[in-house]
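Chemist: Supplied in structure tokens, the structure appears directly below.
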Amino acid sequence: MINIFKLIRVEQWTKNFLIFAVPIFANQLELEIFNNLIQIFFGFSLIASSGYILNDILDLDSDREHYSKNKRVLASGKITIAQSKIIFTITTLFGGVILLLNSNKVFFISLSYLFLSIAYSKYLKYLKYLDLAIISLFFVLRVQLGAVGSGIEASVFLNLLIFFSSLTIVTSKKLSI
């Protein structure tokens, strides 16, 4: 079971707390909004996990040769490709159903995130500078999920703050490698 949690990268779910940013900054995090955003948080976290699984499948050969990524559960053989495909299907379906039951808009934004994540894993991460912008866009999409889920519009300033803050962090991380 612990290997499944590692495969779906539960520790990465902390990024998804940005879903709560809009109502928090608007000082409108009421119980009904909070309950709705909790549902979105878990559904979206499963969708984001699907993207991580697919990325691990696509990068399997290079991860096996990498000094630290070779310890990931798929690269190390603790979970097979067949098992990871089953887990991918389950996380995608459960996450999608949770989000679709919430609203069509929330589902569409999350599906856009997943498709962009797939495109990133296959192609976009190899395009210098665009890769950084795409990663930053992932953070803005989380804020948009919170905006739609709470019914509170995300300000341009919040979107720009999230985009440029994440761009700074991602750029710093890439430069330090």
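Here, A, B, ... name the chains of the structure tokens in the order displayed, residue numbers run from 1 inside each chain, and ligands are numbered from 1 in the same displayed order.
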Using only C-alpha atoms, tabulate the residues of stretch 11-113 of chain A lying at most 7 Å from any atom of stretch 140-144 of chain A, each with its closest atom pair and that distance in Å to one decimal, by chain and increasing residue number, as CSV.

Modeler:
```
residue,atom,partner,partner_atom,distance
A:Asn16,CA,A:Arg142,CA,6.3
A:Leu18,CA,A:Val143,CA,5.6
A:Ile19,CA,A:Val143,CA,5.1
A:Ala21,CA,A:Val143,CA,6.5
A:Val22,CA,A:Val143,CA,6.7
```

Chemist: Leaving out stretch 73-82 of chain A and any residue of its chain fewer than 2 positions from it, which residues lie within 12 Å of it when counting only C-alpha atoms, given as a ChimeraX atom specification?

Modeler: /A:1-9,52-71,84-89

Chemist: For the selection you just gave me, I'd like the residues written to a file as a compact mmCIF listing (two decimals), in the first residue's frame, keeping C-alpha atoms.

Modeler:
```txt
# COMPACT_ATOMS: atom_id res chain seq x y z
CA MET A 1 0.00 0.00 0.00
CA ILE A 2 2.85 2.38 0.79
CA ASN A 3 4.22 1.86 -2.70
CA ILE A 4 0.90 2.97 -4.18
CA PHE A 5 1.07 6.17 -2.11
CA LYS A 6 4.58 6.71 -3.41
CA LEU A 7 3.47 6.08 -7.00
CA ILE A 8 0.63 8.60 -6.78
CA ARG A 9 2.99 11.02 -4.98
CA TYR A 52 2.56 11.75 -12.21
CA ILE A 53 1.98 8.07 -12.94
CA LEU A 54 1.95 8.62 -16.69
CA ASN A 55 5.11 10.70 -16.43
CA ASP A 56 6.82 7.87 -14.53
CA ILE A 57 5.76 5.38 -17.21
CA LEU A 58 7.03 7.63 -20.02
CA ASP A 59 10.33 8.36 -18.21
CA LEU A 60 10.90 4.81 -16.99
CA ASP A 61 14.16 4.17 -18.85
CA SER A 62 15.76 7.50 -17.95
CA ASP A 63 14.52 7.24 -14.34
CA ARG A 64 16.19 3.84 -13.99
CA GLU A 65 19.53 5.42 -14.91
CA HIS A 66 19.09 8.56 -12.77
CA TYR A 67 20.95 8.64 -9.44
CA SER A 68 17.87 9.50 -7.35
CA LYS A 69 14.86 8.84 -9.60
CA ASN A 70 15.92 5.19 -9.83
CA LYS A 71 14.50 4.79 -6.31
CA SER A 84 0.81 1.36 -12.57
CA LYS A 85 -1.53 1.42 -15.59
CA ILE A 86 -4.31 -0.02 -13.44
CA ILE A 87 -3.65 2.55 -10.72
CA PHE A 88 -3.58 5.29 -13.41
CA THR A 89 -7.00 4.17 -14.64
```

Chemist: To one decimal place in Å, what is the distance between atom CA of A:Ile90 and atom CA of A:Asn102?

Modeler: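 So the two atoms, atom CA of A:Ile90 and atom CA of A:Asn102, lie 18.3 Å apart.
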
Chemist: Quick one: residues within 12 Å of A:Phe20, only C-alpha atoms, excluding same-chain residues fewer than 4 positions away - as a VMD selection string?

Modeler: chain A and resid 14 to 16 24 to 30 33 to 41 142 to 152 154

Chemist: Could you check the closest approach to A:Ile118 for each of A:Leu93, A:Ile98, A:Ile47, A:Leu158 and tell me which residue wins, using only C-alpha atoms?

Modeler: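 Looking only at the distances to A:Ile118, the closest residue turns out to be A:Ile47.
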
Chemist: Got a sec: who's within 9 Å of A:Phe107, counting only C-alpha atoms, leaving out chain neighbours fewer than 4 positions off, as a list in words?

Modeler: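 Final neighbour list, sorted by chain and number: Phe44, Gly96, Val97, Ile98, Leu99, Leu100, Leu101, Asn102, Ser103, Leu111 and Ser112 of chain A.
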
Chemist: Identify, with DSSP run on backbone atoms, the residues in stretch 53-173 of chain A assigned to helix (DSSP H, G or I), and express the list as number ranges by chain.

Modeler: A: 53-58, 60-65, 69-71, 81-102, 104-122, 124-126, 130-150, 156-173
